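**Q** So here's upload_17.csv, just CSV, C-alpha atoms and all ligand atoms:
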```csv
chain,number,residue,atom,x,y,z
A,257,MET,CA,30.9,151.1,78.6
A,258,ARG,CA,28.3,149.2,80.6
A,259,VAL,CA,28.9,145.8,82.1
A,260,GLU,CA,26.6,143.3,80.4
A,261,ARG,CA,27.7,140.2,82.1
A,262,ALA,CA,30.2,139.0,84.7
A,263,ALA,CA,31.7,135.6,85.3
A,264,LEU,CA,33.9,134.7,88.3
A,265,TYR,CA,36.2,131.7,88.2
A,266,LEU,CA,38.0,130.2,91.1
A,267,VAL,CA,41.0,128.4,89.9
A,268,ALA,CA,43.4,126.1,91.9
A,269,LEU,CA,46.8,126.2,90.2
A,270,PRO,CA,49.6,123.9,91.6
A,271,LEU,CA,52.8,125.8,92.3
A,272,VAL,CA,56.1,124.4,90.9
A,273,ALA,CA,57.4,124.4,94.5
A,274,PRO,CA,55.8,125.0,97.9
A,275,PHE,CA,56.0,128.7,99.0
A,276,ARG,CA,56.5,129.2,102.7
A,277,THR,CA,56.2,132.5,104.5
A,278,SER,CA,56.0,133.4,108.2
A,279,PHE,CA,52.2,133.0,107.9
A,280,GLY,CA,52.1,129.6,106.3
A,281,GLU,CA,52.8,127.4,103.3
A,282,GLU,CA,51.1,127.3,99.9
A,283,ARG,CA,51.3,124.4,97.5
A,284,VAL,CA,48.4,125.4,95.3
A,285,ARG,CA,47.5,129.0,94.5
A,286,HIS,CA,43.8,129.7,94.6
A,287,ALA,CA,42.9,132.7,92.5
A,288,LEU,CA,39.6,134.3,91.7
A,289,LEU,CA,39.4,135.6,88.2
A,290,VAL,CA,36.8,138.2,87.0
A,291,ALA,CA,35.6,138.3,83.4
A,292,LEU,CA,33.5,141.3,82.4
A,293,GLU,CA,31.7,141.5,79.1
A,294,ALA,CA,30.9,144.9,77.4
A,295,ASP,CA,30.6,146.0,73.8
A,296,GLY,CA,31.5,142.5,72.5
A,297,ARG,CA,34.7,142.4,74.4
A,298,THR,CA,35.8,140.5,77.6
A,299,GLY,CA,38.0,142.2,80.2
A,300,TRP,CA,39.9,140.2,82.8
A,301,GLY,CA,40.9,140.9,86.3
A,302,GLU,CA,42.5,138.8,89.1
A,303,CYS,CA,41.7,139.0,92.7
A,304,VAL,CA,44.9,138.6,94.8
A,305,ALA,CA,43.1,137.4,97.9
A,306,GLY,CA,44.4,134.0,99.1
A,307,SER,CA,42.5,130.9,100.3
A,308,GLY,CA,42.7,132.0,104.0
A,309,PRO,CA,42.8,135.3,105.9
A,310,TRP,CA,46.6,135.2,106.6
A,311,TYR,CA,48.2,137.9,104.5
A,312,SER,CA,45.1,140.0,104.6
A,313,ALA,CA,41.6,139.7,106.0
A,314,GLU,CA,40.2,139.0,102.6
A,315,THR,CA,39.9,135.5,101.0
A,316,VAL,CA,38.8,134.3,97.6
A,317,ASP,CA,35.4,133.5,99.2
A,318,THR,CA,34.9,136.9,100.9
A,319,ALA,CA,35.9,138.5,97.6
A,320,ARG,CA,33.4,136.4,95.6
A,321,HIS,CA,30.6,137.3,98.1
A,322,VAL,CA,31.4,141.0,98.0
A,323,LEU,CA,31.7,141.1,94.2
A,324,LEU,CA,28.5,139.2,93.4
A,325,ASP,CA,26.3,140.6,96.2
A,326,PHE,CA,27.6,144.2,96.5
A,327,ALA,CA,30.2,145.4,94.0
A,328,LEU,CA,28.7,144.3,90.7
A,329,PRO,CA,25.2,145.5,91.7
A,330,LEU,CA,26.7,149.0,92.3
A,331,LEU,CA,27.7,149.0,88.6
A,332,ARG,CA,24.2,148.0,87.4
A,333,GLY,CA,23.0,150.4,84.7
A,334,LYS,CA,26.1,152.6,85.1
A,335,GLU,CA,27.8,154.0,82.0
A,336,ILE,CA,31.5,154.0,82.9
A,337,ALA,CA,33.5,156.4,80.7
A,338,HIS,CA,36.8,155.6,82.3
A,339,PRO,CA,38.0,152.9,84.9
A,340,ARG,CA,39.2,155.8,87.2
A,341,GLU,CA,35.5,156.3,88.0
A,342,VAL,CA,35.4,152.8,89.6
A,343,PRO,CA,36.7,153.7,93.1
A,344,GLU,CA,34.0,156.3,93.6
A,345,LEU,CA,31.3,153.9,92.3
A,346,LEU,CA,32.5,151.2,94.8
A,347,ALA,CA,33.1,153.7,97.7
A,348,PRO,CA,29.9,152.7,99.6
A,349,ILE,CA,31.6,149.3,100.3
A,350,ARG,CA,33.9,149.6,103.2
A,351,GLY,CA,37.2,147.7,102.9
A,352,HIS,CA,37.5,144.7,100.6
A,353,PRO,CA,40.3,146.3,98.5
A,354,MET,CA,41.2,143.1,96.7
A,355,ALA,CA,37.7,142.4,95.5
A,356,LYS,CA,37.4,146.0,94.3
A,357,ALA,CA,40.8,145.9,92.6
A,358,ALA,CA,39.9,142.8,90.5
A,359,LEU,CA,36.8,144.5,89.2
A,360,GLU,CA,38.7,147.7,88.4
A,361,ALA,CA,41.4,145.7,86.6
A,362,ALA,CA,38.9,144.0,84.4
A,363,LEU,CA,37.5,147.5,83.5
A,364,TRP,CA,41.0,148.8,82.7
A,365,ASP,CA,41.4,145.8,80.4
A,366,LEU,CA,38.1,146.5,78.7
A,367,HIS,CA,38.9,150.2,78.4
A,368,ALA,CA,42.4,149.6,77.0
A,369,GLN,CA,41.0,147.1,74.4
A,370,GLY,CA,38.4,149.6,73.4
A,371,GLU,CA,41.1,152.3,72.9
A,372,GLY,CA,43.3,149.7,71.1
A,373,LYS,CA,46.1,150.5,73.5
A,374,PRO,CA,48.2,148.5,75.9
A,375,LEU,CA,47.5,148.9,79.6
A,376,THR,CA,51.1,150.4,80.1
A,377,LYS,CA,50.2,153.3,77.8
A,378,LEU,CA,47.0,154.1,79.6
A,379,LEU,CA,48.7,154.1,83.0
A,380,GLY,CA,51.6,156.3,81.8
A,381,GLY,CA,54.2,153.6,81.6
A,382,THR,CA,57.6,154.6,80.2
A,383,ARG,CA,59.6,151.4,80.1
A,384,ASP,CA,59.3,148.5,77.7
A,385,ARG,CA,60.8,146.0,80.2
A,386,VAL,CA,60.9,145.8,84.0
A,387,ALA,CA,63.7,144.4,86.3
A,388,ALA,CA,62.7,141.0,87.6
A,389,GLY,CA,63.4,140.0,91.2
A,390,VAL,CA,62.5,136.7,92.9
A,391,SER,CA,60.9,136.1,96.3
A,392,VAL,CA,62.4,133.0,98.0
A,393,GLY,CA,60.3,131.2,100.6
A,394,ILE,CA,61.5,129.9,103.9
A,395,GLN,CA,63.5,126.7,103.1
A,396,PRO,CA,63.9,123.5,105.2
A,397,ASN,CA,67.7,124.1,105.6
A,398,LEU,CA,70.6,126.2,104.5
A,399,PRO,CA,72.0,124.0,101.7
A,400,THR,CA,68.5,124.0,100.0
A,401,LEU,CA,68.3,127.7,100.3
A,402,LEU,CA,71.7,128.2,98.8
A,403,SER,CA,71.0,126.0,95.9
A,404,ARG,CA,67.6,127.7,95.3
A,405,VAL,CA,69.2,131.1,95.3
A,406,ALA,CA,72.1,130.0,93.1
A,407,GLY,CA,69.6,128.7,90.6
A,408,TYR,CA,67.7,132.0,90.4
A,409,VAL,CA,71.0,134.0,90.2
A,410,GLY,CA,72.1,131.8,87.4
A,411,GLU,CA,68.8,132.5,85.6
A,412,GLY,CA,69.6,136.2,85.8
A,413,TYR,CA,67.2,137.5,88.5
A,414,ARG,CA,68.3,141.1,89.4
A,415,ARG,CA,67.4,140.9,93.1
A,416,VAL,CA,66.7,138.2,95.6
A,417,LYS,CA,64.2,138.6,98.5
A,418,LEU,CA,64.4,136.1,101.3
A,419,LYS,CA,61.4,135.4,103.5
A,420,ILE,CA,62.4,135.5,107.2
A,421,GLU,CA,60.8,134.8,110.5
A,422,PRO,CA,62.1,134.4,114.1
A,423,GLY,CA,64.4,131.3,113.9
A,424,TRP,CA,65.1,131.8,110.2
A,425,ASP,CA,66.7,135.2,109.7
A,426,LEU,CA,70.4,136.0,110.5
A,427,GLU,CA,71.8,132.6,109.6
A,428,PRO,CA,70.2,132.3,106.2
A,429,VAL,CA,70.9,135.9,105.3
A,430,ALA,CA,74.5,135.6,106.4
A,431,ALA,CA,74.9,132.4,104.3
A,432,VAL,CA,73.4,133.9,101.2
A,433,ARG,CA,75.5,137.1,101.7
A,434,GLU,CA,78.7,135.2,102.1
A,435,ARG,CA,78.1,133.2,98.9
A,436,PHE,CA,76.8,136.2,96.9
A,437,PRO,CA,78.7,139.3,98.2
A,438,ASP,CA,77.4,141.6,95.5
A,439,LEU,CA,73.8,140.3,95.0
A,440,PRO,CA,71.1,142.9,95.5
A,441,LEU,CA,69.4,141.3,98.5
A,442,ALA,CA,66.3,142.1,100.6
A,443,VAL,CA,64.3,140.3,103.3
A,444,ASP,CA,60.5,140.1,104.0
A,445,ALA,CA,59.2,139.2,107.4
A,446,ASN,CA,55.5,139.4,106.6
A,447,ALA,CA,54.8,141.0,110.0
A,448,ALA,CA,56.5,138.2,112.0
A,449,TYR,CA,58.3,140.5,114.6
A,450,THR,CA,57.5,143.0,117.3
A,451,LEU,CA,59.4,146.0,118.5
A,452,ASP,CA,60.9,143.8,121.3
A,453,HIS,CA,62.9,142.3,118.5
A,454,ALA,CA,64.5,145.6,117.6
A,455,ARG,CA,68.0,144.7,118.8
A,456,HIS,CA,67.9,141.4,116.9
A,457,LEU,CA,66.6,143.1,113.7
A,458,LYS,CA,69.5,145.6,114.1
A,459,GLU,CA,71.8,142.7,113.3
A,460,LEU,CA,70.5,142.7,109.7
A,461,ASP,CA,72.3,146.1,109.2
A,462,ARG,CA,75.6,144.3,108.6
A,463,PHE,CA,74.5,142.5,105.4
A,464,GLY,CA,74.0,145.5,103.1
A,465,LEU,CA,70.4,144.7,102.4
A,466,LEU,CA,68.3,146.9,100.0
A,467,MET,CA,65.5,146.8,102.6
A,468,VAL,CA,63.7,144.9,105.3
A,469,GLU,CA,60.0,144.5,104.2
A,470,GLN,CA,57.2,144.6,106.7
A,471,PRO,CA,59.0,143.5,109.9
A,472,LEU,CA,56.1,144.4,112.3
A,473,ALA,CA,52.4,144.0,112.4
A,474,TYR,CA,50.2,145.3,109.5
A,475,ASP,CA,48.5,147.9,111.7
A,476,ASP,CA,51.6,149.2,113.5
A,477,LEU,CA,52.8,152.3,111.6
A,478,LEU,CA,54.2,153.9,114.8
A,479,GLY,CA,56.1,150.7,115.7
A,480,HIS,CA,57.8,150.8,112.2
A,481,ALA,CA,58.6,154.5,112.7
A,482,ARG,CA,60.3,153.6,116.1
A,483,LEU,CA,62.2,150.7,114.5
A,484,ALA,CA,63.3,152.9,111.6
A,485,GLU,CA,65.1,155.2,114.1
A,486,LYS,CA,67.2,152.2,115.2
A,487,LEU,CA,68.1,150.6,111.8
A,488,THR,CA,70.2,151.8,109.0
A,489,THR,CA,68.6,149.2,106.6
A,490,PRO,CA,65.7,151.0,105.0
A,491,ILE,CA,62.2,149.7,106.0
A,492,CYS,CA,59.8,148.9,103.1
A,493,LEU,CA,56.1,148.5,103.9
A,494,ASP,CA,53.8,146.0,102.2
A,495,GLU,CA,50.8,144.8,104.4
A,496,SER,CA,50.6,148.2,106.2
A,497,ILE,CA,50.0,150.2,103.1
A,498,SER,CA,46.3,149.6,102.5
A,499,SER,CA,45.5,152.9,100.7
A,500,PRO,CA,47.1,156.0,99.3
A,501,HIS,CA,46.1,157.8,102.6
A,502,ARG,CA,47.9,155.1,104.6
A,503,ALA,CA,51.0,155.6,102.3
A,504,TRP,CA,50.9,159.3,103.2
A,505,GLU,CA,50.6,158.6,106.9
A,506,ALA,CA,53.5,156.1,106.7
A,507,LEU,CA,55.8,158.6,105.0
A,508,GLU,CA,54.8,161.4,107.3
A,509,LEU,CA,55.5,159.2,110.4
A,510,GLY,CA,58.8,158.0,108.9
A,511,ALA,CA,57.5,154.4,109.1
A,512,CYS,CA,59.1,153.5,105.8
A,513,ARG,CA,61.5,154.8,103.1
A,514,ILE,CA,60.3,152.4,100.3
A,515,ILE,CA,56.9,151.2,99.3
A,516,ASN,CA,55.9,147.9,97.9
A,517,VAL,CA,52.9,148.6,95.7
A,518,LYS,CA,50.4,145.8,95.1
A,519,GLN,CA,47.4,147.2,93.3
A,520,GLY,CA,45.2,144.5,94.8
A,521,ARG,CA,46.1,145.3,98.4
A,522,ILE,CA,45.3,149.0,98.0
A,523,GLY,CA,42.0,148.7,96.1
A,524,GLY,CA,43.0,148.9,92.5
A,525,LEU,CA,45.1,150.6,89.8
A,526,SER,CA,43.6,154.1,90.4
A,527,ALA,CA,44.9,153.9,94.0
A,528,ALA,CA,48.3,152.7,92.7
A,529,LEU,CA,48.4,155.7,90.4
A,530,ALA,CA,47.7,157.9,93.5
A,531,ILE,CA,50.6,156.3,95.4
A,532,HIS,CA,52.8,156.7,92.4
A,533,ALA,CA,52.0,160.4,92.3
A,534,LEU,CA,52.7,160.8,96.0
A,535,ALA,CA,55.9,158.9,95.9
A,536,THR,CA,57.2,160.8,92.8
A,537,GLU,CA,56.5,164.1,94.6
A,538,ARG,CA,58.5,163.0,97.6
A,539,GLY,CA,61.2,161.0,95.8
A,540,VAL,CA,60.2,157.8,97.5
A,541,PRO,CA,61.3,154.7,95.5
A,542,LEU,CA,58.6,152.2,94.6
A,543,TRP,CA,58.6,148.6,93.4
A,544,CYS,CA,55.8,146.3,92.4
A,545,GLY,CA,55.1,143.4,94.7
A,546,GLY,CA,53.5,140.1,93.8
A,547,MET,CA,51.0,137.7,95.1
A,548,LEU,CA,51.9,134.6,93.1
A,549,GLU,CA,49.5,135.8,90.5
A,550,THR,CA,48.5,133.9,87.4
A,551,GLY,CA,49.3,135.6,84.0
A,552,VAL,CA,46.3,137.8,84.3
A,553,GLY,CA,47.5,139.5,87.5
A,554,ARG,CA,51.1,139.4,86.4
A,555,ALA,CA,50.1,141.4,83.2
A,556,VAL,CA,48.6,144.1,85.4
A,557,ASN,CA,51.7,144.2,87.6
A,558,VAL,CA,54.1,144.4,84.6
A,559,ALA,CA,52.1,147.3,83.2
A,560,LEU,CA,52.1,149.1,86.6
A,561,ALA,CA,55.9,148.5,87.1
A,562,SER,CA,56.5,150.2,83.7
A,563,LEU,CA,55.7,153.6,85.3
A,564,PRO,CA,58.7,155.9,85.9
A,565,GLY,CA,58.5,155.9,89.8
A,566,PHE,CA,58.9,152.1,90.0
A,567,THR,CA,62.7,152.2,90.2
A,568,LEU,CA,63.6,149.1,92.2
A,569,PRO,CA,63.5,145.5,91.0
A,570,HIS,CA,60.0,143.9,91.4
A,571,ASP,CA,58.5,140.7,92.7
A,572,ILE,CA,57.7,139.9,89.1
A,573,SER,CA,59.3,136.7,88.1
A,574,ALA,CA,58.9,134.5,85.0
A,575,THR,CA,55.8,132.3,84.7
A,576,ASP,CA,57.9,129.2,85.1
A,577,ARG,CA,59.0,130.3,88.6
A,578,TYR,CA,55.4,129.9,89.7
A,579,TYR,CA,53.5,127.5,87.5
A,580,ARG,CA,54.2,124.7,85.0
A,581,GLU,CA,51.0,125.6,83.2
A,582,ASP,CA,49.5,129.1,83.6
A,583,ILE,CA,45.8,129.9,82.6
A,584,ALA,CA,47.0,132.9,80.6
A,585,LEU,CA,49.2,132.9,77.5
A,586,PRO,CA,51.8,133.7,76.5
A,587,PRO,CA,54.0,133.0,79.5
A,588,PHE,CA,56.2,135.8,80.9
A,589,ARG,CA,59.8,135.0,80.3
A,590,LEU,CA,63.0,136.2,81.8
A,591,GLU,CA,65.2,138.0,79.3
A,592,ASP,CA,68.5,139.4,80.6
A,593,GLY,CA,67.0,139.6,84.1
A,594,HIS,CA,63.9,141.5,82.8
A,595,ILE,CA,60.3,140.9,81.8
A,596,ARG,CA,59.0,142.5,78.6
A,597,VAL,CA,56.0,144.8,79.0
A,598,PRO,CA,53.2,143.6,76.6
A,599,HIS,CA,52.4,146.1,73.9
A,600,GLU,CA,49.2,144.5,72.6
A,601,PRO,CA,45.9,146.2,73.3
A,602,GLY,CA,44.6,145.5,76.8
A,603,LEU,CA,46.5,143.3,79.2
A,604,GLY,CA,48.4,141.6,76.4
A,605,VAL,CA,47.7,138.1,77.6
A,606,ALA,CA,44.8,135.8,76.6
A,607,VAL,CA,43.1,133.5,79.0
A,608,ASP,CA,43.3,129.9,77.8
A,609,LEU,CA,39.7,128.8,78.3
A,610,PRO,CA,40.3,125.0,78.2
A,611,ARG,CA,43.0,125.4,80.9
A,612,LEU,CA,40.8,127.8,82.8
A,613,HIS,CA,38.1,125.1,82.9
A,614,ARG,CA,40.6,122.4,83.7
A,615,TYR,CA,41.8,124.2,86.8
A,616,ALA,CA,38.5,125.7,87.8
A,617,ALA,CA,37.2,124.9,91.2
A,618,GLY,CA,34.1,127.0,90.9
A,619,MET,CA,32.3,129.4,88.5
A,620,TRP,CA,29.6,132.0,89.1
A,621,THR,CA,27.8,134.4,86.7
A,622,TRP,CA,26.1,137.7,87.2
A,623,ARG,CA,23.9,139.8,84.9
A,624,PRO,CA,22.6,143.3,85.6
B,701,LIG,O1,54.6,139.4,101.2
B,701,LIG,O2,55.2,139.9,99.2
B,701,LIG,C1,54.6,139.1,100.0
B,701,LIG,C2,53.3,136.1,98.1
B,701,LIG,C3,52.0,136.0,98.7
B,701,LIG,C4,51.7,136.8,99.7
B,701,LIG,C5,52.6,137.8,100.1
B,701,LIG,C6,53.8,138.0,99.5
B,701,LIG,C7,54.2,137.1,98.5
B,701,LIG,C8,55.4,137.1,97.8
B,701,LIG,C9,55.5,136.5,96.4
B,701,LIG,O3,56.5,137.5,98.3
B,701,LIG,C10,56.0,137.5,95.4
B,701,LIG,C11,55.7,137.0,94.0
B,701,LIG,O4,54.5,136.9,93.6
B,701,LIG,O5,56.7,136.7,93.3
B,702,MG,MG,55.7,141.3,101.4
```
Show the structure stored in the file as structure tokens.
**A**
Amino acid sequence: MRVERAALYLVALPLVAPFRTSFGEERVRHALLVALEADGRTGWGECVAGSGPWYSAETVDTARHVLLDFALPLLRGKEIAHPREVPELLAPIRGHPMAKAALEAALWDLHAQGEGKPLTKLLGGTRDRVAAGVSVGIQPNLPTLLSRVAGYVGEGYRRVKLKIEPGWDLEPVAAVRERFPDLPLAVDANAAYTLDHARHLKELDRFGLLMVEQPLAYDDLLGHARLAEKLTTPICLDESISSPHRAWEALELGACRIINVKQGRIGGLSAALAIHALATERGVPLWCGGMLETGVGRAVNVALASLPGFTLPHDISATDRYYREDIALPPFRLEDGHIRVPHEPGLGVAVDLPRLHRYAAGMWTWRP
């Protein structure tokens, strides 16, 4: 296939509730969507960059710039036989994994539609449903946290992840653990601590957590390896794992025992497949993280999570946990604590164009 036209849409979707992490609060999710046209079909991808450079250096605006001015021009006139060729085509661009991943996802969608197969099949997925976890933001107080968690547990979520930061860690975790003694529970610090907090973080060991996610800085693999020697709770890395090579380094160093895979953070689905192969070889458990995606990005995540190495519950929740009205249909629903993997050709969701335009904050087009 050859890309004949591209359209980028910036959407601003209001979240059902504010989402607070150690790096800030989001009330409206800004997402950059990529639509590629080829052979009479449209393939969609979602860029997981946020509105500011907090979780990662990329933003929706840097991604748009890189896509329009550098990445799409590299595809000009190129016949792409398979989306796995995309990383090499984009290799001249240093960094910008989220921009690259969005383009690659749209090409996977096009390719899957062309083959008449669902994305899960092309990736090697083996499950028809994936275990849904939920990521719970930092709350104003403990009663609010407990009622939030109780609501999600009541809906059937299989694992709860609490966002933590200095000043909101041992107390909320103790309160949730006391009320839900058997709940699969995890915490995510989004890089809010330093190695000086090691003794404090060690206190988490008494709560029987599945993992502590990204306690230290994104670029501190060695610090995580030192911390891992002190904790019995497994460390999972998110921000630190920016590529398959970095995943290898982290495992070699003993910086983590679990990996949160986000195809956007590592530069695309091909990179995710490479990490999947590495983790399978080493027996390292994986799960699929989330970035408050719209239905387009969620469809990609669900397909990825259907691979056999993704053995822990994911940050893939039902659409209604994020948005009242999503720009892609049908919504993902929670069924017995799981999300069904779409089996229609391509992503298995359709972008609702009137809604897309209603929530659009910008649109750009590109032709070769
Ligand atoms: O660290 O996993 C994270 C959302 C935005 C940025 C970073 C993270 C998150 C989440 C949300 O935890 C997970 C989800 O999409 O359900
Ligand atoms: Mg995280």
**Q** What residues of the protein or nucleic acid chains come within 7 Å of ligand MG 702 (chain B) when you use all atoms listed in the file? Reply as a list in words.
**A**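 These are the residues that qualify: Asp444, Asn446, Glu469, Gln470, Asp494 and Glu495 of chain A.
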**Q** Distance atom C10 of ligand LIG 701 (chain B)-CA of Phe326 (chain A), one decimal place?
**A**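 Taking atom C10 of ligand LIG 701 (chain B) and CA of Phe326 (chain A), their separation equals 29.2 Å.
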**Q** Of the residues A:Glu549, A:Asp295, A:Glu335, A:Asp438, which is the one nearest to ligand LIG 701 (chain B), using all atoms listed in the file?
**A**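 Under the stated criterion, the closest residue is A:Glu549.
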**Q** Between CA of Tyr474 (chain A) and CA of Pro274 (chain A), what distance in Å does the model show, to one decimal?
**A**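 CA of Pro274 (chain A) lies 24.0 Å from CA of Tyr474 (chain A).
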**Q** Nearest residue to ligand LIG 701 (chain B) out of A:Val409, A:Leu331, A:Ile595, A:Cys544, using only C-alpha atoms and all ligand atoms?
**A** A:Cys544
**Q** Between CA of Ala357 (chain A) and CA of Val556 (chain A), what is the distance in Å, rounded to a tenth?
**A**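 Separation between CA of Ala357 (chain A) and CA of Val556 (chain A): 10.8 Å.
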**Q** Report as JSON lines the residues of chain A within 10 Å of ligand LIG 701 (chain B), each with its shortest atom pair and distance in Å (one decimal), using only C-alpha atoms and all ligand atoms, ordered by chain and increasing residue number.
**A**
```
{"residue": "A:Phe275", "atom": "CA", "partner": "B:LIG701", "partner_atom": "C2", "distance": 7.9}
{"residue": "A:Arg276", "atom": "CA", "partner": "B:LIG701", "partner_atom": "C2", "distance": 8.9}
{"residue": "A:Thr277", "atom": "CA", "partner": "B:LIG701", "partner_atom": "C5", "distance": 7.8}
{"residue": "A:Ser278", "atom": "CA", "partner": "B:LIG701", "partner_atom": "O1", "distance": 9.3}
{"residue": "A:Phe279", "atom": "CA", "partner": "B:LIG701", "partner_atom": "C4", "distance": 9.1}
{"residue": "A:Gly280", "atom": "CA", "partner": "B:LIG701", "partner_atom": "C4", "distance": 9.8}
{"residue": "A:Glu281", "atom": "CA", "partner": "B:LIG701", "partner_atom": "C3", "distance": 9.8}
{"residue": "A:Glu282", "atom": "CA", "partner": "B:LIG701", "partner_atom": "C3", "distance": 8.8}
{"residue": "A:Arg285", "atom": "CA", "partner": "B:LIG701", "partner_atom": "C3", "distance": 9.3}
{"residue": "A:Val304", "atom": "CA", "partner": "B:LIG701", "partner_atom": "C3", "distance": 8.5}
{"residue": "A:Ala305", "atom": "CA", "partner": "B:LIG701", "partner_atom": "C4", "distance": 8.8}
{"residue": "A:Gly306", "atom": "CA", "partner": "B:LIG701", "partner_atom": "C4", "distance": 7.8}
{"residue": "A:Trp310", "atom": "CA", "partner": "B:LIG701", "partner_atom": "C4", "distance": 8.7}
{"residue": "A:Tyr311", "atom": "CA", "partner": "B:LIG701", "partner_atom": "C4", "distance": 6.0}
{"residue": "A:Ser312", "atom": "CA", "partner": "B:LIG701", "partner_atom": "C4", "distance": 8.8}
{"residue": "A:Ala388", "atom": "CA", "partner": "B:LIG701", "partner_atom": "O5", "distance": 9.3}
{"residue": "A:Gly389", "atom": "CA", "partner": "B:LIG701", "partner_atom": "O5", "distance": 7.8}
{"residue": "A:Val390", "atom": "CA", "partner": "B:LIG701", "partner_atom": "O5", "distance": 5.8}
{"residue": "A:Ser391", "atom": "CA", "partner": "B:LIG701", "partner_atom": "O3", "distance": 5.0}
{"residue": "A:Val392", "atom": "CA", "partner": "B:LIG701", "partner_atom": "O3", "distance": 7.4}
{"residue": "A:Gly393", "atom": "CA", "partner": "B:LIG701", "partner_atom": "O3", "distance": 7.7}
{"residue": "A:Lys417", "atom": "CA", "partner": "B:LIG701", "partner_atom": "O3", "distance": 7.8}
{"residue": "A:Leu418", "atom": "CA", "partner": "B:LIG701", "partner_atom": "O3", "distance": 8.6}
{"residue": "A:Lys419", "atom": "CA", "partner": "B:LIG701", "partner_atom": "O3", "distance": 7.4}
{"residue": "A:Val443", "atom": "CA", "partner": "B:LIG701", "partner_atom": "O3", "distance": 9.7}
{"residue": "A:Asp444", "atom": "CA", "partner": "B:LIG701", "partner_atom": "O1", "distance": 6.6}
{"residue": "A:Ala445", "atom": "CA", "partner": "B:LIG701", "partner_atom": "O1", "distance": 7.7}
{"residue": "A:Asn446", "atom": "CA", "partner": "B:LIG701", "partner_atom": "O1", "distance": 5.5}
{"residue": "A:Ala447", "atom": "CA", "partner": "B:LIG701", "partner_atom": "O1", "distance": 8.9}
{"residue": "A:Glu469", "atom": "CA", "partner": "B:LIG701", "partner_atom": "O1", "distance": 8.0}
{"residue": "A:Gln470", "atom": "CA", "partner": "B:LIG701", "partner_atom": "O1", "distance": 8.0}
{"residue": "A:Leu493", "atom": "CA", "partner": "B:LIG701", "partner_atom": "O1", "distance": 9.6}
{"residue": "A:Asp494", "atom": "CA", "partner": "B:LIG701", "partner_atom": "O1", "distance": 6.7}
{"residue": "A:Glu495", "atom": "CA", "partner": "B:LIG701", "partner_atom": "O1", "distance": 7.3}
{"residue": "A:Asn516", "atom": "CA", "partner": "B:LIG701", "partner_atom": "O2", "distance": 8.1}
{"residue": "A:Val517", "atom": "CA", "partner": "B:LIG701", "partner_atom": "O2", "distance": 9.7}
{"residue": "A:Lys518", "atom": "CA", "partner": "B:LIG701", "partner_atom": "O2", "distance": 8.6}
{"residue": "A:Cys544", "atom": "CA", "partner": "B:LIG701", "partner_atom": "C10", "distance": 9.3}
{"residue": "A:Gly545", "atom": "CA", "partner": "B:LIG701", "partner_atom": "O2", "distance": 5.7}
{"residue": "A:Gly546", "atom": "CA", "partner": "B:LIG701", "partner_atom": "O4", "distance": 3.4}
{"residue": "A:Met547", "atom": "CA", "partner": "B:LIG701", "partner_atom": "O4", "distance": 3.9}
{"residue": "A:Leu548", "atom": "CA", "partner": "B:LIG701", "partner_atom": "O4", "distance": 3.5}
{"residue": "A:Glu549", "atom": "CA", "partner": "B:LIG701", "partner_atom": "O4", "distance": 6.0}
{"residue": "A:Thr550", "atom": "CA", "partner": "B:LIG701", "partner_atom": "O4", "distance": 9.1}
{"residue": "A:Gly553", "atom": "CA", "partner": "B:LIG701", "partner_atom": "O4", "distance": 9.6}
{"residue": "A:Arg554", "atom": "CA", "partner": "B:LIG701", "partner_atom": "O4", "distance": 8.3}
{"residue": "A:Asn557", "atom": "CA", "partner": "B:LIG701", "partner_atom": "O4", "distance": 9.9}
{"residue": "A:His570", "atom": "CA", "partner": "B:LIG701", "partner_atom": "O5", "distance": 8.1}
{"residue": "A:Asp571", "atom": "CA", "partner": "B:LIG701", "partner_atom": "O5", "distance": 4.4}
{"residue": "A:Ile572", "atom": "CA", "partner": "B:LIG701", "partner_atom": "O5", "distance": 5.4}
{"residue": "A:Ser573", "atom": "CA", "partner": "B:LIG701", "partner_atom": "O5", "distance": 5.8}
{"residue": "A:Ala574", "atom": "CA", "partner": "B:LIG701", "partner_atom": "O5", "distance": 8.9}
{"residue": "A:Thr575", "atom": "CA", "partner": "B:LIG701", "partner_atom": "O5", "distance": 9.7}
{"residue": "A:Arg577", "atom": "CA", "partner": "B:LIG701", "partner_atom": "O5", "distance": 8.3}
{"residue": "A:Tyr578", "atom": "CA", "partner": "B:LIG701", "partner_atom": "O5", "distance": 7.8}
```
